[in-house]
>>> print(open('target.pdb').read())   # PDB, C-alpha atoms and all ligand atoms
MODEL        1
ATOM      1  CA  MET N 729     -20.156  22.740   3.132  1.00  0.00           C
ATOM      2  CA  ASP N 730     -19.574  20.362   0.261  1.00  0.00           C
ATOM      3  CA  THR N 731     -20.544  16.759   0.877  1.00  0.00           C
ATOM      4  CA  GLN N 732     -19.293  13.947  -1.315  1.00  0.00           C
ATOM      5  CA  THR N 733     -20.337  10.341  -0.936  1.00  0.00           C
ATOM      6  CA  MET N 734     -18.190   7.487  -2.067  1.00  0.00           C
ATOM      7  CA  ASN N 735     -20.790   4.885  -2.877  1.00  0.00           C
ATOM      8  CA  ALA N 736     -20.721   5.572  -6.581  1.00  0.00           C
ATOM      9  CA  GLY N 737     -17.009   6.248  -6.727  1.00  0.00           C
ATOM     10  CA  VAL N 738     -15.497   2.981  -5.589  1.00  0.00           C
ATOM     11  CA  GLN N 739     -12.819   1.990  -8.000  1.00  0.00           C
ATOM     12  CA  ALA N 740      -9.371   0.508  -8.212  1.00  0.00           C
ATOM     13  CA  SER N 741      -6.573   2.757  -7.079  1.00  0.00           C
ATOM     14  CA  GLU N 742      -3.368   3.021  -9.018  1.00  0.00           C
ATOM     15  CA  ASP N 743      -1.115   2.751  -5.996  1.00  0.00           C
ATOM     16  CA  GLN N 744       1.447   0.084  -5.331  1.00  0.00           C
ATOM     17  CA  LYS N 745      -0.504  -2.024  -2.867  1.00  0.00           C
ATOM     18  CA  ALA N 746      -1.137  -5.684  -3.577  1.00  0.00           C
ATOM     19  CA  ASP N 747      -4.189  -6.294  -5.710  1.00  0.00           C
ATOM     20  CA  VAL N 748      -6.182  -9.387  -4.877  1.00  0.00           C
ATOM     21  CA  SER N 749      -9.350 -10.389  -6.629  1.00  0.00           C
ATOM     22  CA  VAL N 750     -12.339 -11.292  -4.537  1.00  0.00           C
ATOM     23  CA  ASN N 751     -13.157 -14.948  -4.264  1.00  0.00           C
ATOM     24  CA  ALA N 752     -16.621 -15.270  -2.827  1.00  0.00           C
ATOM     25  CA  ALA N 753     -16.084 -19.007  -2.478  1.00  0.00           C
ATOM     26  CA  ASN N 754     -13.788 -18.208   0.429  1.00  0.00           C
ATOM     27  CA  ALA N 755     -16.422 -16.142   2.189  1.00  0.00           C
ATOM     28  CA  GLY N 756     -17.096 -18.833   4.765  1.00  0.00           C
ATOM     29  CA  SER N 757     -13.480 -19.619   5.465  1.00  0.00           C
ATOM     30  CA  ALA N 758     -12.505 -19.781   9.131  1.00  0.00           C
ATOM     31  CA  THR N 759      -8.955 -18.756   8.311  1.00  0.00           C
ATOM     32  CA  VAL N 760      -7.935 -15.450   9.846  1.00  0.00           C
ATOM     33  CA  ALA N 761      -7.298 -12.984   7.067  1.00  0.00           C
ATOM     34  CA  THR N 762      -3.956 -11.306   6.592  1.00  0.00           C
ATOM     35  CA  GLU N 763      -3.594  -7.552   6.448  1.00  0.00           C
ATOM     36  CA  ASN N 764      -1.406  -7.779   3.349  1.00  0.00           C
ATOM     37  CA  GLU N 765      -4.158  -8.492   0.844  1.00  0.00           C
ATOM     38  CA  ILE N 766      -6.247  -5.552  -0.275  1.00  0.00           C
ATOM     39  CA  HIS N 767      -9.623  -6.082  -1.899  1.00  0.00           C
ATOM     40  CA  ARG N 768     -11.508  -3.511  -3.934  1.00  0.00           C
ATOM     41  CA  ILE N 769     -14.762  -3.379  -5.808  1.00  0.00           C
ATOM     42  CA  THR N 770     -13.929  -2.647  -9.423  1.00  0.00           C
ATOM     43  CA  ASP N 771     -17.497  -2.223 -10.667  1.00  0.00           C
ATOM     44  CA  ILE N 772     -20.089  -1.024  -8.170  1.00  0.00           C
ATOM     45  CA  ASN N 773     -22.892  -2.024 -10.554  1.00  0.00           C
ATOM     46  CA  SER N 774     -21.972  -5.713 -10.479  1.00  0.00           C
ATOM     47  CA  ALA N 775     -20.695  -5.924  -6.884  1.00  0.00           C
ATOM     48  CA  SER N 776     -21.876  -8.862  -4.775  1.00  0.00           C
ATOM     49  CA  ASP N 777     -23.411  -8.513  -1.308  1.00  0.00           C
ATOM     50  CA  PHE N 778     -20.157 -10.022   0.040  1.00  0.00           C
ATOM     51  CA  GLU N 779     -18.177  -7.187  -1.562  1.00  0.00           C
ATOM     52  CA  LEU N 780     -20.690  -4.506  -0.597  1.00  0.00           C
ATOM     53  CA  LYS N 781     -20.772  -5.443   3.094  1.00  0.00           C
ATOM     54  CA  HIS N 782     -16.982  -5.231   3.412  1.00  0.00           C
ATOM     55  CA  THR N 783     -16.384  -1.948   1.626  1.00  0.00           C
ATOM     56  CA  PRO N 784     -15.982   1.212   3.685  1.00  0.00           C
ATOM     57  CA  ASN N 785     -18.860   3.632   3.365  1.00  0.00           C
ATOM     58  CA  VAL N 786     -17.313   7.095   3.342  1.00  0.00           C
ATOM     59  CA  VAL N 787     -18.718  10.600   3.413  1.00  0.00           C
ATOM     60  CA  VAL N 788     -16.308  13.529   3.060  1.00  0.00           C
ATOM     61  CA  GLU N 789     -17.169  17.049   4.125  1.00  0.00           C
ATOM     62  CA  ASP N 790     -14.966  20.002   3.260  1.00  0.00           C
ATOM     63  CA  VAL N 791     -14.355  22.338   6.191  1.00  0.00           C
ATOM     64  CA  ASP N 792     -12.256  25.494   6.434  1.00  0.00           C
ATOM     65  CA  ASP N 793      -9.124  23.754   7.674  1.00  0.00           C
ATOM     66  CA  GLY N 794      -9.366  20.353   5.987  1.00  0.00           C
ATOM     67  CA  LYS N 795     -11.850  17.547   5.595  1.00  0.00           C
ATOM     68  CA  ILE N 796     -14.127  15.572   7.882  1.00  0.00           C
ATOM     69  CA  ILE N 797     -14.165  11.925   6.832  1.00  0.00           C
ATOM     70  CA  LYS N 798     -17.042   9.862   8.175  1.00  0.00           C
ATOM     71  CA  VAL N 799     -16.516   6.120   7.816  1.00  0.00           C
ATOM     72  CA  GLY N 800     -18.875   3.220   8.315  1.00  0.00           C
ATOM     73  CA  ILE N 801     -18.900  -0.264   6.855  1.00  0.00           C
ATOM     74  CA  GLY N 802     -20.996  -1.630   4.040  1.00  0.00           C
ATOM     75  CA  LEU N 803     -22.582  -0.111   0.955  1.00  0.00           C
ATOM     76  CA  ASN N 804     -26.186  -0.105  -0.208  1.00  0.00           C
ATOM     77  CA  GLY N 805     -27.418  -0.996   3.272  1.00  0.00           C
ATOM     78  CA  ILE N 806     -25.671  -4.389   3.326  1.00  0.00           C
ATOM     79  CA  ALA N 807     -24.594  -4.855   6.950  1.00  0.00           C
ATOM     80  CA  HIS N 808     -21.402  -6.609   8.031  1.00  0.00           C
ATOM     81  CA  PRO N 809     -21.510  -8.691  11.251  1.00  0.00           C
ATOM     82  CA  GLN N 810     -19.785  -7.398  14.379  1.00  0.00           C
ATOM     83  CA  THR N 811     -19.404 -10.445  16.631  1.00  0.00           C
ATOM     84  CA  GLU N 812     -16.565 -12.160  18.508  1.00  0.00           C
ATOM     85  CA  GLU N 813     -16.118 -14.554  15.578  1.00  0.00           C
ATOM     86  CA  HIS N 814     -16.464 -12.127  12.672  1.00  0.00           C
ATOM     87  CA  TYR N 815     -15.887  -8.416  12.951  1.00  0.00           C
ATOM     88  CA  ILE N 816     -14.392  -5.243  11.531  1.00  0.00           C
ATOM     89  CA  GLY N 817     -11.140  -4.685  13.430  1.00  0.00           C
ATOM     90  CA  TRP N 818     -10.041  -1.284  12.160  1.00  0.00           C
ATOM     91  CA  PHE N 819     -10.344   1.612   9.742  1.00  0.00           C
ATOM     92  CA  LYS N 820      -7.375   3.434   8.271  1.00  0.00           C
ATOM     93  CA  VAL N 821      -7.326   6.628   6.226  1.00  0.00           C
ATOM     94  CA  PHE N 822      -4.506   7.433   3.805  1.00  0.00           C
ATOM     95  CA  ASP N 823      -3.570  10.647   2.032  1.00  0.00           C
ATOM     96  CA  GLY N 824      -1.875   8.997  -0.918  1.00  0.00           C
ATOM     97  CA  SER N 825       0.533   6.511   0.685  1.00  0.00           C
ATOM     98  CA  ASN N 826       0.683   8.335   4.045  1.00  0.00           C
ATOM     99  CA  ILE N 827      -1.539   7.105   6.840  1.00  0.00           C
ATOM    100  CA  VAL N 828      -3.378  10.069   8.361  1.00  0.00           C
ATOM    101  CA  GLY N 829      -5.927   8.364  10.595  1.00  0.00           C
ATOM    102  CA  GLU N 830      -6.743   5.010  12.125  1.00  0.00           C
ATOM    103  CA  LEU N 831      -9.118   3.577  14.677  1.00  0.00           C
ATOM    104  CA  ALA N 832      -9.432   0.024  16.018  1.00  0.00           C
ATOM    105  CA  PHE N 833     -12.662  -1.662  17.099  1.00  0.00           C
ATOM    106  CA  ALA N 834     -13.454  -4.415  19.556  1.00  0.00           C
ATOM    107  CA  PRO N 835     -15.758  -7.161  18.264  1.00  0.00           C
ATOM    108  CA  THR N 836     -18.553  -5.638  20.327  1.00  0.00           C
ATOM    109  CA  THR N 837     -18.041  -2.055  19.105  1.00  0.00           C
ATOM    110  CA  THR N 838     -19.951  -0.575  16.173  1.00  0.00           C
ATOM    111  CA  PRO N 839     -17.417   0.186  13.436  1.00  0.00           C
ATOM    112  CA  GLN N 840     -18.028   3.862  12.823  1.00  0.00           C
ATOM    113  CA  ALA N 841     -15.501   6.669  12.912  1.00  0.00           C
ATOM    114  CA  GLU N 842     -15.013  10.299  12.095  1.00  0.00           C
ATOM    115  CA  PHE N 843     -11.593  11.608  11.143  1.00  0.00           C
ATOM    116  CA  LYS N 844     -10.572  15.225  10.720  1.00  0.00           C
ATOM    117  CA  ILE N 845      -7.765  15.523   8.218  1.00  0.00           C
ATOM    118  CA  ALA N 846      -5.952  18.808   7.583  1.00  0.00           C
ATOM    119  CA  GLY N 847      -4.152  19.592   4.365  1.00  0.00           C
ATOM    120  CA  VAL N 848      -5.098  16.663   2.159  1.00  0.00           C
ATOM    121  CA  THR N 849      -2.607  16.619  -0.697  1.00  0.00           C
ATOM    122  CA  GLU N 850      -3.270  13.398  -2.576  1.00  0.00           C
ATOM    123  CA  ARG N 851      -6.036  10.909  -3.204  1.00  0.00           C
ATOM    124  CA  LEU N 852      -7.879   9.823  -0.073  1.00  0.00           C
ATOM    125  CA  ILE N 853      -8.034   6.085   0.542  1.00  0.00           C
ATOM    126  CA  VAL N 854     -10.029   4.404   3.310  1.00  0.00           C
ATOM    127  CA  GLN N 855      -9.424   0.812   4.375  1.00  0.00           C
ATOM    128  CA  ALA N 856     -11.445  -1.511   6.601  1.00  0.00           C
ATOM    129  CA  TYR N 857     -10.150  -4.781   8.025  1.00  0.00           C
ATOM    130  CA  CYS N 858     -12.383  -7.822   8.547  1.00  0.00           C
ATOM    131  CA  ASN N 859     -10.806 -10.501  10.726  1.00  0.00           C
ATOM    132  CA  LEU N 860     -11.975 -13.232   8.329  1.00  0.00           C
ATOM    133  CA  HIS N 861     -11.993 -11.525   4.955  1.00  0.00           C
ATOM    134  CA  GLY N 862      -9.066  -9.128   5.005  1.00  0.00           C
ATOM    135  CA  VAL N 863      -8.582  -5.508   4.059  1.00  0.00           C
ATOM    136  CA  TRP N 864     -11.138  -3.726   1.887  1.00  0.00           C
ATOM    137  CA  GLU N 865     -10.385  -0.403   0.296  1.00  0.00           C
ATOM    138  CA  ALA N 866     -12.324   2.502  -1.089  1.00  0.00           C
ATOM    139  CA  CYS N 867     -10.692   5.379  -2.943  1.00  0.00           C
ATOM    140  CA  LEU N 868     -12.036   8.887  -3.386  1.00  0.00           C
TER     141      LEU N 868
HETATM  142 FE    FE L   1     -16.178 -10.248   6.860  1.00  0.00          FE
ENDMDL
END
>>> encode(input="target.pdb", output="structure tokens", more="lines below")
Ligand SMILES: [Fe+2]
Amino acid sequence: MDTQTMNAGVQASEDQKADVSVNAANAGSATVATENEIHRITDINSASDFELKHTPNVVVEDVDDGKIIKVGIGLNGIAHPQTEEHYIGWFKVFDGSNIVGELAFAPTTTPQAEFKIAGVTERLIVQAYCNLHGVWEACL
């Protein structure tokens, strides 16, 4: 079984989704984030704690009939809150531009998920949505 972690491989994807730079000054904003803005860490070596705690933490295992994709939230041990006021609302997994898995979380539920994906044909992308800070993406 081949295991691949994504921590070192976070980078910008070349897809057509909106690209929004991270503005840490907005980190305390009470405004509910939209799901149309996608944030990505472009350089893991200079990423802030704010960026690290919002980025999906993904482990991919190859199995005979596809891949097991284990998703949590936060890199380098930086934890994201999960409270009524500030929480991770969902994970989505894409095979290229096609959504192949999604799971929603209540504010009181630990945001962890495991997806089994058969027949991956393009680049895997995992997104996490924070109710205050929007959609954060990691690409394999
Ligand atoms: Fe957040």
>>> closest_residue(input="target.pdb", among="N:Lys781, N:Arg851, N:His767, N:His861", to="Phe822 (chain N)", atoms="only C-alpha atoms")
N:Arg851
>>> residues_around(input="target.pdb", residues="Ile801 (chain N)", least_positions_apart="2", cutoff="9 Å", atoms="all atoms listed in the file", output="compact mmCIF listing (two decimals) with C-alpha atoms, in the coordinates of the input")
# COMPACT_ATOMS: atom_id res chain seq x y z
CA LEU N 780 -20.69 -4.51 -0.60
CA LYS N 781 -20.77 -5.44 3.09
CA HIS N 782 -16.98 -5.23 3.41
CA THR N 783 -16.38 -1.95 1.63
CA PRO N 784 -15.98 1.21 3.68
CA ASN N 785 -18.86 3.63 3.36
CA VAL N 786 -17.31 7.10 3.34
CA VAL N 799 -16.52 6.12 7.82
CA LEU N 803 -22.58 -0.11 0.96
CA ILE N 806 -25.67 -4.39 3.33
CA ALA N 807 -24.59 -4.86 6.95
CA HIS N 808 -21.40 -6.61 8.03
CA ILE N 816 -14.39 -5.24 11.53
CA PRO N 839 -17.42 0.19 13.44
CA GLN N 840 -18.03 3.86 12.82
CA ALA N 856 -11.44 -1.51 6.60
>>> residues_near_ligand(input="target.pdb", ligand="ligand FE 1 (chain L)", cutoff="9 Å", atoms="only C-alpha atoms and all ligand atoms", output="JSON, numbers by chain")
{"N": [755, 756, 778, 781, 782, 808, 809, 810, 814, 815, 816, 857, 858, 859, 860, 861, 862]}
>>> residues_around(input="target.pdb", residues="Ala841 (chain N)", least_positions_apart="2", cutoff="9 Å", atoms="only C-alpha atoms", output="PyMOL selection string")
chain N and resi 797-800+819+830-831+839+843
>>> closest_residue(input="target.pdb", among="N:Val787, N:Ile827, N:Ala775, N:Ile769", to="Val848 (chain N)", atoms="all atoms listed in the file")
N:Ile827
